[in-house]
>>> print(open('upload-v5.cif').read())   # mmCIF, C-alpha atoms
data_upload
loop_
_atom_site.label_atom_id
_atom_site.label_comp_id
_atom_site.auth_asym_id
_atom_site.auth_seq_id
_atom_site.Cartn_x
_atom_site.Cartn_y
_atom_site.Cartn_z
CA MET A 1142 -20.12 27.34 -60.05
CA ASN A 1143 -17.35 24.75 -59.97
CA SER A 1144 -13.66 25.29 -59.23
CA THR A 1145 -11.05 23.53 -61.36
CA ASP A 1146 -8.27 21.16 -60.27
CA SER A 1147 -5.58 23.65 -61.29
CA ASP A 1148 -6.91 26.12 -58.73
CA VAL A 1149 -6.45 23.86 -55.71
CA THR A 1150 -3.67 24.72 -53.28
CA ASP A 1151 -2.91 23.70 -49.71
CA SER A 1152 -2.38 27.16 -48.26
CA ASP A 1153 -0.62 30.34 -49.26
CA ALA A 1154 -0.78 31.79 -45.77
CA THR A 1155 2.38 32.94 -44.05
CA ASP A 1156 1.19 31.53 -40.70
CA SER A 1157 1.69 27.81 -40.27
CA PRO A 1158 -1.68 26.03 -40.16
CA TYR A 1159 -2.54 23.81 -37.21
CA LEU A 1160 -2.86 20.27 -38.55
CA VAL A 1161 -5.72 18.42 -36.86
CA GLY A 1162 -8.04 15.49 -37.54
CA LEU A 1163 -11.77 16.11 -37.48
CA ASN A 1164 -14.34 13.54 -36.42
CA LEU A 1165 -17.11 14.31 -38.90
CA SER A 1166 -19.09 11.10 -38.46
CA GLY A 1167 -22.80 11.91 -38.44
CA LYS A 1168 -22.12 15.65 -38.77
CA ARG A 1169 -23.40 17.94 -41.50
CA VAL A 1170 -20.83 19.07 -44.05
CA VAL A 1171 -21.76 21.40 -46.91
CA VAL A 1172 -19.85 21.42 -50.19
CA PHE A 1173 -20.50 24.27 -52.61
CA GLY A 1174 -19.69 23.29 -56.19
CA GLY A 1175 -20.07 20.00 -57.99
CA GLY A 1176 -17.12 20.03 -60.36
CA THR A 1177 -13.87 18.09 -60.39
CA VAL A 1178 -12.57 19.55 -57.12
CA ALA A 1179 -15.72 18.49 -55.30
CA GLN A 1180 -15.54 15.13 -57.05
CA ARG A 1181 -12.06 14.59 -55.58
CA ARG A 1182 -12.93 15.77 -52.07
CA LEU A 1183 -16.27 14.02 -51.62
CA PRO A 1184 -15.07 10.40 -51.33
CA LEU A 1185 -12.93 11.22 -48.26
CA LEU A 1186 -15.81 13.06 -46.63
CA ILE A 1187 -18.15 10.17 -47.38
CA GLY A 1188 -15.60 7.73 -46.01
CA SER A 1189 -15.40 9.72 -42.78
CA GLY A 1190 -19.12 9.16 -42.18
CA ALA A 1191 -20.05 12.81 -42.68
CA LEU A 1192 -23.56 13.79 -43.74
CA VAL A 1193 -22.56 15.58 -46.94
CA HIS A 1194 -24.82 18.06 -48.70
CA VAL A 1195 -23.76 19.43 -52.09
CA ILE A 1196 -25.09 22.71 -53.46
CA THR A 1197 -24.18 23.51 -57.06
CA ARG A 1198 -25.64 24.76 -60.32
CA GLU A 1199 -24.41 21.68 -62.13
CA ALA A 1200 -22.59 18.49 -61.14
CA THR A 1201 -20.25 16.08 -62.86
CA PRO A 1202 -21.65 12.62 -63.64
CA ALA A 1203 -19.57 11.17 -60.76
CA VAL A 1204 -21.08 13.63 -58.27
CA GLU A 1205 -24.56 12.89 -59.59
CA ALA A 1206 -23.86 9.18 -59.12
CA MET A 1207 -22.93 9.80 -55.48
CA ALA A 1208 -26.27 11.49 -54.99
CA THR A 1209 -28.15 8.75 -56.82
CA GLY A 1210 -26.41 6.20 -54.60
CA GLU A 1211 -27.50 8.22 -51.53
CA GLN A 1212 -23.90 8.85 -50.47
CA VAL A 1213 -24.57 12.60 -50.54
CA THR A 1214 -27.58 14.85 -50.92
CA LEU A 1215 -27.60 17.25 -53.85
CA GLU A 1216 -29.35 20.52 -54.66
CA LEU A 1217 -28.94 22.07 -58.09
CA ARG A 1218 -29.12 25.78 -57.34
CA ASP A 1219 -27.07 28.85 -56.38
CA TYR A 1220 -25.62 29.45 -52.92
CA ARG A 1221 -27.97 31.28 -50.55
CA ARG A 1222 -27.22 32.85 -47.19
CA GLY A 1223 -28.21 30.41 -44.46
CA ASP A 1224 -27.01 27.31 -46.33
CA LEU A 1225 -24.46 26.69 -43.58
CA ASP A 1226 -27.03 26.43 -40.80
CA GLY A 1227 -26.25 23.33 -38.74
CA ALA A 1228 -22.97 22.62 -40.55
CA TRP A 1229 -19.73 21.68 -38.83
CA TYR A 1230 -17.46 22.06 -41.86
CA ALA A 1231 -17.67 23.48 -45.36
CA ILE A 1232 -15.81 23.56 -48.66
CA ALA A 1233 -16.21 26.40 -51.13
CA CYS A 1234 -15.16 25.13 -54.54
CA THR A 1235 -17.37 26.97 -56.99
CA ASP A 1236 -15.82 28.65 -60.04
CA GLU A 1237 -16.95 32.10 -58.84
CA ALA A 1238 -14.52 33.98 -56.58
CA ASP A 1239 -17.23 36.26 -55.16
CA THR A 1240 -19.41 33.29 -54.26
CA ASN A 1241 -16.55 31.50 -52.56
CA ALA A 1242 -15.71 34.66 -50.60
CA ALA A 1243 -19.31 35.02 -49.45
CA ILE A 1244 -19.40 31.39 -48.31
CA VAL A 1245 -16.18 31.82 -46.32
CA ALA A 1246 -17.51 35.03 -44.76
CA GLU A 1247 -20.73 33.34 -43.64
CA ALA A 1248 -18.74 30.41 -42.28
CA ALA A 1249 -16.49 32.76 -40.30
CA ARG A 1250 -19.48 34.55 -38.76
CA SER A 1251 -20.90 31.16 -37.76
CA ARG A 1252 -17.50 29.87 -36.53
CA ILE A 1253 -17.55 27.04 -39.05
CA PHE A 1254 -14.20 26.08 -40.53
CA CYS A 1255 -14.29 26.45 -44.31
CA VAL A 1256 -11.87 25.49 -47.07
CA ARG A 1257 -11.67 27.86 -50.02
CA ALA A 1258 -10.39 25.89 -53.00
CA ASP A 1259 -9.53 28.75 -55.35
CA VAL A 1260 -7.63 30.97 -52.89
CA ALA A 1261 -6.68 28.75 -49.98
CA ARG A 1262 -5.13 31.52 -47.85
CA ASP A 1263 -8.54 33.21 -47.66
CA GLY A 1264 -10.21 30.19 -46.13
CA THR A 1265 -10.17 29.23 -42.45
CA ALA A 1266 -9.05 25.65 -43.12
CA VAL A 1267 -6.80 23.90 -45.63
CA THR A 1268 -6.93 20.36 -46.94
CA PRO A 1269 -3.68 18.39 -46.64
CA ALA A 1270 -2.43 15.81 -49.11
CA SER A 1271 -3.59 12.75 -47.22
CA ALA A 1272 -3.53 8.96 -47.33
CA ASP A 1273 -4.53 6.02 -45.18
CA TYR A 1274 -2.10 3.26 -44.34
CA ASP A 1275 -2.81 0.31 -42.06
CA GLY A 1276 -4.71 2.33 -39.47
CA LEU A 1277 -2.59 5.47 -39.92
CA THR A 1278 -3.81 8.68 -41.54
CA LEU A 1279 -1.04 10.71 -43.16
CA GLY A 1280 -1.39 14.42 -43.86
CA VAL A 1281 1.11 16.80 -45.47
CA LEU A 1282 0.88 20.59 -45.89
CA ALA A 1283 3.47 22.54 -47.86
CA GLY A 1284 2.51 26.20 -47.59
CA GLY A 1285 0.49 26.24 -50.76
CA GLU A 1286 2.76 24.07 -52.91
CA HIS A 1287 0.19 21.35 -53.48
CA ARG A 1288 2.40 19.37 -55.87
CA ARG A 1289 5.12 19.29 -53.23
CA SER A 1290 2.78 18.12 -50.49
CA ALA A 1291 1.37 15.41 -52.77
CA ALA A 1292 4.88 14.27 -53.75
CA VAL A 1293 5.99 14.01 -50.11
CA ARG A 1294 2.76 12.22 -49.18
CA ASN A 1295 3.33 9.71 -52.00
CA ALA A 1296 6.98 9.17 -51.03
CA VAL A 1297 6.14 8.51 -47.38
CA LEU A 1298 3.31 6.17 -48.36
CA GLU A 1299 5.54 4.23 -50.75
CA ALA A 1300 8.26 3.98 -48.09
CA LEU A 1301 5.75 2.53 -45.63
CA GLN A 1302 4.38 0.12 -48.21
CA SER A 1303 7.83 -1.13 -49.21
CA GLY A 1304 9.12 -1.42 -45.65
CA VAL A 1305 11.75 1.33 -46.00
CA ILE A 1306 9.92 3.05 -43.15
CA THR A 1307 8.43 0.78 -40.50
CA ASP A 1308 6.01 1.48 -37.70
CA THR A 1309 8.02 -0.02 -34.83
CA ALA A 1310 5.17 0.58 -32.39
CA HIS A 1311 2.74 -1.38 -34.55
CA VAL A 1312 1.16 -4.42 -32.95
CA PRO A 1313 2.84 -7.46 -34.56
CA HIS A 1314 0.83 -9.36 -37.12
CA THR A 1315 -0.04 -12.95 -36.35
CA GLY A 1316 -1.24 -15.96 -38.32
CA VAL A 1317 -0.84 -16.44 -42.05
CA ALA A 1318 -1.49 -14.15 -45.02
CA LEU A 1319 -2.15 -15.76 -48.40
CA VAL A 1320 -0.84 -13.08 -50.75
CA GLY A 1321 -1.22 -12.96 -54.51
CA GLY A 1322 2.00 -11.56 -55.95
CA GLY A 1323 0.61 -10.75 -59.39
CA PRO A 1324 1.75 -11.87 -62.84
CA GLY A 1325 5.50 -11.33 -62.44
CA ASP A 1326 6.41 -7.66 -62.47
CA PRO A 1327 7.07 -6.80 -58.80
CA ASP A 1328 5.31 -3.45 -59.22
CA LEU A 1329 2.05 -5.30 -59.86
CA ILE A 1330 1.63 -6.73 -56.37
CA THR A 1331 -1.19 -5.02 -54.47
CA VAL A 1332 -0.45 -2.30 -51.94
CA ARG A 1333 -1.80 -4.49 -49.14
CA GLY A 1334 0.27 -7.47 -50.25
CA ARG A 1335 3.48 -5.44 -50.23
CA ARG A 1336 2.63 -4.00 -46.81
CA LEU A 1337 2.13 -7.44 -45.27
CA LEU A 1338 5.40 -8.63 -46.78
CA ALA A 1339 7.15 -5.85 -44.87
CA TYR A 1340 5.83 -7.32 -41.60
CA ALA A 1341 6.64 -10.97 -42.38
CA ASP A 1342 8.80 -13.16 -40.16
CA VAL A 1343 8.54 -16.04 -42.61
CA VAL A 1344 7.80 -16.04 -46.35
CA VAL A 1345 6.79 -19.26 -48.09
CA THR A 1346 7.17 -18.50 -51.76
CA ASP A 1347 6.19 -20.08 -55.08
CA ARG A 1348 8.27 -20.29 -58.23
CA LEU A 1349 5.99 -17.82 -60.00
CA ALA A 1350 5.98 -15.26 -57.19
CA PRO A 1351 7.99 -12.14 -58.17
CA PRO A 1352 11.53 -12.95 -56.93
CA GLU A 1353 12.49 -9.26 -56.71
CA LEU A 1354 10.10 -8.93 -53.78
CA LEU A 1355 12.26 -11.30 -51.75
CA ALA A 1356 15.24 -8.95 -52.14
CA GLU A 1357 13.30 -6.33 -50.16
CA LEU A 1358 12.99 -8.59 -47.11
CA GLY A 1359 15.08 -8.02 -44.01
CA PRO A 1360 17.90 -10.46 -43.16
CA HIS A 1361 15.89 -11.84 -40.24
CA VAL A 1362 13.09 -13.13 -42.51
CA GLU A 1363 13.07 -16.89 -43.12
CA VAL A 1364 12.35 -17.70 -46.78
CA ILE A 1365 10.99 -21.17 -47.60
CA ASP A 1366 11.06 -22.21 -51.26
CA ALA A 1367 7.85 -24.07 -52.07
CA SER A 1368 8.41 -24.15 -55.82
CA LYS A 1369 6.60 -26.62 -58.01
CA ILE A 1370 8.76 -26.97 -61.12
CA PRO A 1371 7.04 -28.65 -64.11
CA TYR A 1372 8.40 -32.19 -64.42
CA GLY A 1373 10.96 -31.33 -61.74
CA ARG A 1374 11.27 -31.23 -57.98
CA ALA A 1375 8.37 -30.02 -55.92
CA MET A 1376 7.47 -29.42 -52.30
CA ALA A 1377 4.40 -31.51 -51.52
CA GLN A 1378 1.27 -29.54 -50.70
CA GLU A 1379 0.99 -31.32 -47.35
CA ALA A 1380 4.52 -30.20 -46.48
CA ILE A 1381 3.67 -26.62 -47.45
CA ASN A 1382 0.56 -26.69 -45.26
CA GLN A 1383 2.55 -28.06 -42.33
CA ALA A 1384 5.29 -25.44 -42.73
CA LEU A 1385 2.67 -22.69 -42.59
CA ILE A 1386 1.04 -24.20 -39.52
CA ASP A 1387 4.29 -24.85 -37.65
CA ARG A 1388 5.68 -21.34 -38.18
CA ALA A 1389 2.39 -19.70 -37.25
CA ARG A 1390 2.08 -21.78 -34.09
CA ALA A 1391 5.61 -20.69 -33.17
CA GLY A 1392 4.32 -17.10 -33.06
CA LYS A 1393 5.69 -16.07 -36.45
CA PHE A 1394 3.78 -13.95 -38.93
CA VAL A 1395 3.83 -15.97 -42.14
CA VAL A 1396 3.23 -14.70 -45.66
CA ARG A 1397 2.41 -17.34 -48.26
CA LEU A 1398 3.50 -15.54 -51.42
CA LYS A 1399 2.02 -16.85 -54.65
CA GLY A 1400 2.12 -15.84 -58.28
CA GLY A 1401 -1.08 -14.32 -59.68
CA ASP A 1402 -4.07 -14.71 -57.39
CA PRO A 1403 -4.13 -17.30 -54.57
CA TYR A 1404 -7.49 -18.66 -55.70
CA VAL A 1405 -6.87 -18.93 -59.45
CA PHE A 1406 -5.28 -22.37 -59.82
CA GLY A 1407 -3.10 -21.49 -56.85
CA ARG A 1408 -4.33 -24.02 -54.27
CA GLY A 1409 -5.03 -21.11 -51.96
CA TYR A 1410 -8.27 -22.53 -50.68
CA GLU A 1411 -6.60 -25.84 -49.83
CA GLU A 1412 -4.16 -23.95 -47.65
CA LEU A 1413 -6.98 -21.90 -46.13
CA GLU A 1414 -8.81 -25.09 -45.18
CA ALA A 1415 -5.70 -26.64 -43.59
CA LEU A 1416 -4.90 -23.50 -41.63
CA THR A 1417 -8.48 -22.98 -40.48
CA GLU A 1418 -8.70 -26.58 -39.31
CA ALA A 1419 -5.51 -26.02 -37.31
CA GLY A 1420 -7.00 -22.92 -35.69
CA ILE A 1421 -4.69 -20.46 -37.48
CA ALA A 1422 -5.98 -17.00 -38.38
CA VAL A 1423 -5.79 -16.38 -42.13
CA THR A 1424 -5.83 -13.18 -44.18
CA VAL A 1425 -6.41 -13.53 -47.93
CA VAL A 1426 -5.00 -10.81 -50.18
CA PRO A 1427 -6.20 -11.11 -53.80
CA GLY A 1428 -3.65 -10.72 -56.56
CA ILE A 1429 -3.73 -9.67 -60.20
CA THR A 1430 -4.25 -12.88 -62.13
CA SER A 1431 -2.09 -13.55 -65.17
CA ALA A 1432 -5.21 -14.70 -67.05
CA ILE A 1433 -6.20 -11.05 -67.56
CA SER A 1434 -3.04 -9.04 -66.94
CA VAL A 1435 -0.70 -10.90 -69.27
CA PRO A 1436 -2.92 -10.57 -72.38
CA SER A 1437 -3.32 -6.91 -71.42
CA ALA A 1438 0.47 -6.51 -71.23
CA ALA A 1439 0.62 -7.89 -74.77
CA GLY A 1440 -1.95 -5.35 -75.96
CA VAL A 1441 -4.87 -7.78 -76.09
CA PRO A 1442 -8.16 -7.34 -74.19
CA VAL A 1443 -9.95 -10.53 -73.14
CA THR A 1444 -13.28 -8.83 -73.94
CA HIS A 1445 -14.21 -6.19 -76.49
CA ARG A 1446 -17.52 -4.49 -77.17
CA GLY A 1447 -19.30 -5.99 -80.14
CA VAL A 1448 -16.79 -8.84 -80.41
CA THR A 1449 -16.99 -11.02 -77.31
CA HIS A 1450 -19.27 -11.03 -74.29
CA GLU A 1451 -17.50 -13.71 -72.30
CA PHE A 1452 -14.11 -15.13 -71.50
CA VAL A 1453 -13.27 -18.42 -69.86
CA VAL A 1454 -10.14 -19.25 -67.87
CA VAL A 1455 -9.14 -22.91 -68.12
CA SER A 1456 -6.41 -24.94 -66.49
CA GLY A 1457 -4.30 -26.86 -68.98
CA HIS A 1458 -2.28 -28.83 -66.45
CA VAL A 1459 -3.76 -32.08 -67.78
CA ALA A 1460 -4.49 -33.07 -71.39
CA PRO A 1461 -8.08 -33.10 -72.68
CA ASP A 1462 -8.20 -36.91 -72.75
CA HIS A 1463 -6.68 -37.32 -69.28
CA PRO A 1464 -9.00 -39.10 -66.80
CA ASP A 1465 -8.48 -36.29 -64.29
CA SER A 1466 -9.68 -33.60 -66.70
CA LEU A 1467 -12.84 -31.80 -65.51
CA VAL A 1468 -13.21 -29.58 -68.58
CA ASP A 1469 -16.04 -29.95 -71.12
CA TRP A 1470 -13.94 -29.23 -74.19
CA ASP A 1471 -16.83 -29.67 -76.61
CA ALA A 1472 -18.77 -26.96 -74.76
CA LEU A 1473 -15.73 -24.68 -74.82
CA ALA A 1474 -15.33 -25.21 -78.54
CA ARG A 1475 -18.90 -24.03 -79.14
CA LEU A 1476 -18.38 -20.74 -77.30
CA LYS A 1477 -17.77 -17.64 -79.40
CA GLY A 1478 -15.84 -15.72 -76.73
CA THR A 1479 -12.27 -15.78 -75.48
CA ILE A 1480 -10.55 -18.80 -73.98
CA VAL A 1481 -7.53 -18.22 -71.75
CA LEU A 1482 -5.45 -21.31 -71.03
CA LEU A 1483 -3.03 -21.42 -68.10
CA MET A 1484 -0.34 -24.07 -67.70
CA ALA A 1485 -1.13 -25.27 -71.21
CA VAL A 1486 1.79 -24.38 -73.47
CA GLU A 1487 3.40 -27.83 -73.30
CA ARG A 1488 0.14 -29.47 -74.47
CA ILE A 1489 -1.00 -26.76 -76.86
CA ASP A 1490 -1.20 -29.25 -79.75
CA LYS A 1491 -3.79 -31.35 -77.92
CA PHE A 1492 -5.87 -28.36 -76.87
CA ALA A 1493 -5.88 -26.93 -80.39
CA GLU A 1494 -6.87 -30.29 -81.82
CA VAL A 1495 -9.79 -30.84 -79.45
CA LEU A 1496 -11.12 -27.31 -79.99
CA ILE A 1497 -11.01 -27.64 -83.78
CA ARG A 1498 -12.68 -31.02 -83.56
CA GLY A 1499 -15.39 -29.48 -81.36
CA GLY A 1500 -16.22 -26.76 -83.87
CA ARG A 1501 -13.82 -23.86 -83.35
CA PRO A 1502 -12.61 -22.65 -86.75
CA ALA A 1503 -9.01 -23.61 -87.47
CA THR A 1504 -8.41 -19.98 -88.43
CA THR A 1505 -9.23 -18.72 -84.93
CA PRO A 1506 -6.42 -16.35 -83.80
CA VAL A 1507 -4.18 -17.52 -80.96
CA LEU A 1508 -1.72 -15.52 -78.86
CA VAL A 1509 0.89 -17.13 -76.61
CA VAL A 1510 2.76 -14.91 -74.13
CA GLN A 1511 5.78 -16.23 -72.25
CA GLU A 1512 6.90 -14.52 -69.02
CA GLY A 1513 4.23 -11.84 -69.36
CA THR A 1514 4.77 -8.42 -67.74
CA MET A 1515 8.49 -9.15 -67.37
CA ARG A 1516 11.28 -7.55 -69.40
CA THR A 1517 11.81 -11.05 -70.90
CA GLN A 1518 8.24 -11.19 -72.23
CA ARG A 1519 7.92 -12.99 -75.57
CA GLU A 1520 4.88 -13.28 -77.83
CA VAL A 1521 3.87 -15.72 -80.55
CA ARG A 1522 0.83 -15.24 -82.79
CA ALA A 1523 -0.74 -17.84 -85.05
CA ASP A 1524 -4.08 -19.62 -85.48
CA LEU A 1525 -5.44 -22.85 -84.02
CA SER A 1526 -4.15 -24.93 -86.91
CA THR A 1527 -0.56 -23.62 -86.72
CA ILE A 1528 0.01 -22.54 -83.12
CA ALA A 1529 1.51 -25.83 -81.93
CA GLN A 1530 4.25 -25.75 -84.55
CA ARG A 1531 4.93 -22.07 -83.94
CA VAL A 1532 5.34 -22.69 -80.20
CA LYS A 1533 7.75 -25.51 -80.95
CA ASP A 1534 9.72 -23.48 -83.50
CA GLU A 1535 10.05 -20.53 -81.11
CA ALA A 1536 10.93 -22.77 -78.15
CA ILE A 1537 8.23 -21.21 -75.98
CA ARG A 1538 8.31 -22.60 -72.44
CA PRO A 1539 6.41 -22.10 -69.17
CA PRO A 1540 5.28 -19.84 -67.69
CA ALA A 1541 3.12 -18.86 -70.63
CA ILE A 1542 -0.48 -17.81 -71.23
CA VAL A 1543 -2.52 -18.93 -74.25
CA VAL A 1544 -5.30 -16.67 -75.53
CA ILE A 1545 -7.73 -18.10 -78.09
CA GLY A 1546 -10.39 -16.06 -79.87
CA THR A 1547 -10.96 -13.05 -82.10
CA VAL A 1548 -9.30 -10.68 -79.64
CA ALA A 1549 -6.05 -12.67 -79.89
CA GLY A 1550 -5.68 -11.22 -83.39
CA PHE A 1551 -5.93 -7.63 -82.16
CA SER A 1552 -2.96 -5.33 -82.41
CA VAL A 1553 -2.72 -1.56 -82.51
CA ASP A 1554 -1.06 -1.71 -85.93
CA SER A 1555 -3.74 -3.90 -87.49
CA ARG A 1556 -6.85 -2.11 -86.20
#
>>> encode(input="upload-v5.cif", output="structure tokens")
Amino acid sequence: MNSTDSDVTDSDATDSPYLVGLNLSGKRVVVFGGGTVAQRRLPLLIGSGALVHVITREATPAVEAMATGEQVTLELRDYRRGDLDGAWYAIACTDEADTNAAIVAEAARSRIFCVRADVARDGTAVTPASADYDGLTLGVLAGGEHRRSAAVRNAVLEALQSGVITDTAHVPHTGVALVGGGPGDPDLITVRGRRLLAYADVVVTDRLAPPELLAELGPHVEVIDASKIPYGRAMAQEAINQALIDRARAGKFVVRLKGGDPYVFGRGYEELEALTEAGIAVTVVPGITSAISVPSAAGVPVTHRGVTHEFVVVSGHVAPDHPDSLVDWDALARLKGTIVLLMAVERIDKFAEVLIRGGRPATTPVLVVQEGTMRTQREVRADLSTIAQRVKDEAIRPPAIVVIGTVAGFSVDSR
């Protein structure tokens, strides 16, 4: 008794529906049908705080999981008259037209608004294409053209996220946001990170932060380059901290834009500590770390069932024999899983040597990816015994990710 996704429409009625928001918190809502349509609608109802009861002959695994997790209650049976007693709202999304019609008829007699998923014009309510954005709830109806309403909803949401449309009445942001910009491709920043960038008065950016994101900023935004170039010029961390504090104290909303994730070798917590000590409010927005995303962009998983049960992310900014090194390289060498090295390409010979000496087979596959996720992405494959020479021969330079382990030898062509 489950409706299918292809049957869902907004409304085919000639009369324009009255778009309204319902406060369903703590109120009984009954959903008839446990198929893919119900599966799509239930999370929004759960998020609204509604007391959701599902009645269906059979349910998808996802709907069953919602019941197991006590997010909804579930009865596996047919619809019966009286099932709407005490309900405030209902959705009829079974795969039986007669059953859906009977549910709508009972709802109408009881003055309960009811969505009919298979023939929307015959219901007493329609579901808009909706989205949440920074305290706003967006809803779009398109007279039954559900693809059109979804497309418009997506376009408006993207425009808000990118700053093309701005909420001028929005209360200004204050303090500092530590935002992870992702591995390089500007499309891989999180939605929240991009939204906060649109509100920024000041952006303090790293060398590895996606530079295309800066082109989206308004002309009034102050951009401070806090790049740390290997073996080149660098803005001291203390100076970065002070710049963040000074701008925030001046009433500016500051975004500290970093490559990857702020807390994965990004000194994000150091900046958090400095800002907190100065009494500055801080928002941390996680980013997609290059340690996982770059191997993925090269077609390599860092874990694989039956092959590796662990992966370790290691900083290679100092050599294994350096007094500042905190890494137990002998322990790493004994692991059977995947090792991902960041900031290591210029010392790859030393890392390969210490791992082989510690017990890793010299034939262990190695993948090196330069400028991962970018159109300039380059890849080099070898093994531990030959990777250093290959990197030299191919003139691989930072930023680059090194993946060591069985999975580094994976490719679609070879499997």
>>> residues_around(input="upload-v5.cif", residues="Asp1347 in chain A", least_positions_apart="5", cutoff="7 Å", atoms="all atoms listed in the file", output="MDAnalysis selection string")
chainID A and resid 1366:1368 1398:1400
>>> closest_residue(input="upload-v5.cif", among="A:Ala1493, A:Ala1231, A:Val1305, A:Leu1355", to="Gly1457 in chain A", atoms="all atoms listed in the file")
A:Ala1493
>>> resolve_selection(input="upload-v5.cif", expression="the PyMOL selection byres ((chain A and resi 1165) around 12)", output="PyMOL selection string")
chain A and resi 1162-1164+1166-1171+1185-1193+1228-1231
>>> residues_around(input="upload-v5.cif", residues="Arg1221 in chain A", least_positions_apart="4", cutoff="12 Å", atoms="all atoms listed in the file", output="list in words")
Phe1173, Ile1196, Thr1197, Arg1198, Glu1216, Leu1217, Leu1225, Asp1226, Thr1240, Asn1241, Ala1243, Ile1244 and Glu1247 of chain A
>>> write_last_selection(input="upload-v5.cif", atoms="C-alpha atoms", output="CSV table (one decimal), in the frame of the given file")
chain,number,residue,atom,x,y,z
A,1173,PHE,CA,-20.5,24.3,-52.6
A,1196,ILE,CA,-25.1,22.7,-53.5
A,1197,THR,CA,-24.2,23.5,-57.1
A,1198,ARG,CA,-25.6,24.8,-60.3
A,1216,GLU,CA,-29.4,20.5,-54.7
A,1217,LEU,CA,-28.9,22.1,-58.1
A,1225,LEU,CA,-24.5,26.7,-43.6
A,1226,ASP,CA,-27.0,26.4,-40.8
A,1240,THR,CA,-19.4,33.3,-54.3
A,1241,ASN,CA,-16.6,31.5,-52.6
A,1243,ALA,CA,-19.3,35.0,-49.4
A,1244,ILE,CA,-19.4,31.4,-48.3
A,1247,GLU,CA,-20.7,33.3,-43.6
>>> closest_atom_pairs(input="upload-v5.cif", of="range 1322-1362 of chain A", to="range 1271-1278 of chain A", cutoff="12 Å", atoms="only C-alpha atoms", output="Markdown table")
| residue | atom | partner | partner_atom | distance |
| --- | --- | --- | --- | --- |
| A:Val1332 | CA | A:Tyr1274 | CA | 9.6 |
| A:Arg1333 | CA | A:Asp1275 | CA | 8.6 |
| A:Gly1334 | CA | A:Asp1275 | CA | 11.7 |
| A:Arg1335 | CA | A:Asp1275 | CA | 11.8 |
| A:Arg1336 | CA | A:Asp1275 | CA | 8.4 |
| A:Leu1337 | CA | A:Asp1275 | CA | 9.7 |
| A:Tyr1340 | CA | A:Asp1275 | CA | 11.5 |
>>> atom_distance(input="upload-v5.cif", atom1="CA of Ala1261 in chain A", atom2="CA of Val1245 in chain A")
10.6 Å
>>> atom_distance(input="upload-v5.cif", atom1="CA of Ala1300 in chain A", atom2="CA of Val1344 in chain A")
20.1 Å
>>> residues_around(input="upload-v5.cif", residues="range 1503-1509 of chain A", least_positions_apart="2", cutoff="6 Å", atoms="all atoms listed in the file", output="JSON, numbers by chain")
{"A": [1497, 1520, 1521, 1522, 1523, 1524, 1525, 1526, 1542, 1543, 1544, 1545, 1546, 1547, 1549, 1550]}
>>> atom_distance(input="upload-v5.cif", atom1="CA of Glu1412 in chain A", atom2="CA of Phe1394 in chain A")
15.5 Å
>>> closest_residue(input="upload-v5.cif", among="A:Ala1249, A:Leu1413, A:Val1362, A:Val1486", to="His1458 in chain A", atoms="only C-alpha atoms")
A:Val1486
>>> residues_around(input="upload-v5.cif", residues="Glu1353 in chain A", least_positions_apart="4", cutoff="9 Å", atoms="only C-alpha atoms", output="list in words")
Asp1326, Pro1327 and Glu1357 of chain A
>>> residues_around(input="upload-v5.cif", residues="Ala1485 in chain A", least_positions_apart="2", cutoff="10 Å", atoms="all atoms listed in the file", output="ChimeraX atom specification")
/A:1455-1460,1481-1483,1487-1492,1509,1538-1543
>>> closest_residue(input="upload-v5.cif", among="A:Ala1341, A:Ala1242, A:Val1453, A:Leu1183", to="Leu1476 in chain A", atoms="all atoms listed in the file")
A:Val1453
>>> resolve_selection(input="upload-v5.cif", expression="the PyMOL selection byres ((chain A and resi 1402) around 6)", output="list in words")
Gly1321, Gly1401, Pro1403, Tyr1404, Val1405, Pro1427, Gly1428, Ile1429 and Thr1430 of chain A
>>> closest_residue(input="upload-v5.cif", among="A:Tyr1220, A:Phe1551, A:Tyr1159, A:Phe1254", to="His1445 in chain A", atoms="only C-alpha atoms")
A:Phe1551
>>> resolve_selection(input="upload-v5.cif", expression="the PyMOL selection byres ((chain A and resi 1160) around 10)", output="list in words")
Ser1157, Pro1158, Tyr1159, Val1161, Gly1162, Leu1163, Ala1266, Val1267, Thr1268, Pro1269, Gly1280, Val1281 and Leu1282 of chain A
>>> closest_residue(input="upload-v5.cif", among="A:Val1454, A:Val1448, A:Val1495, A:Leu1279", to="Arg1475 in chain A", atoms="all atoms listed in the file")
A:Val1495
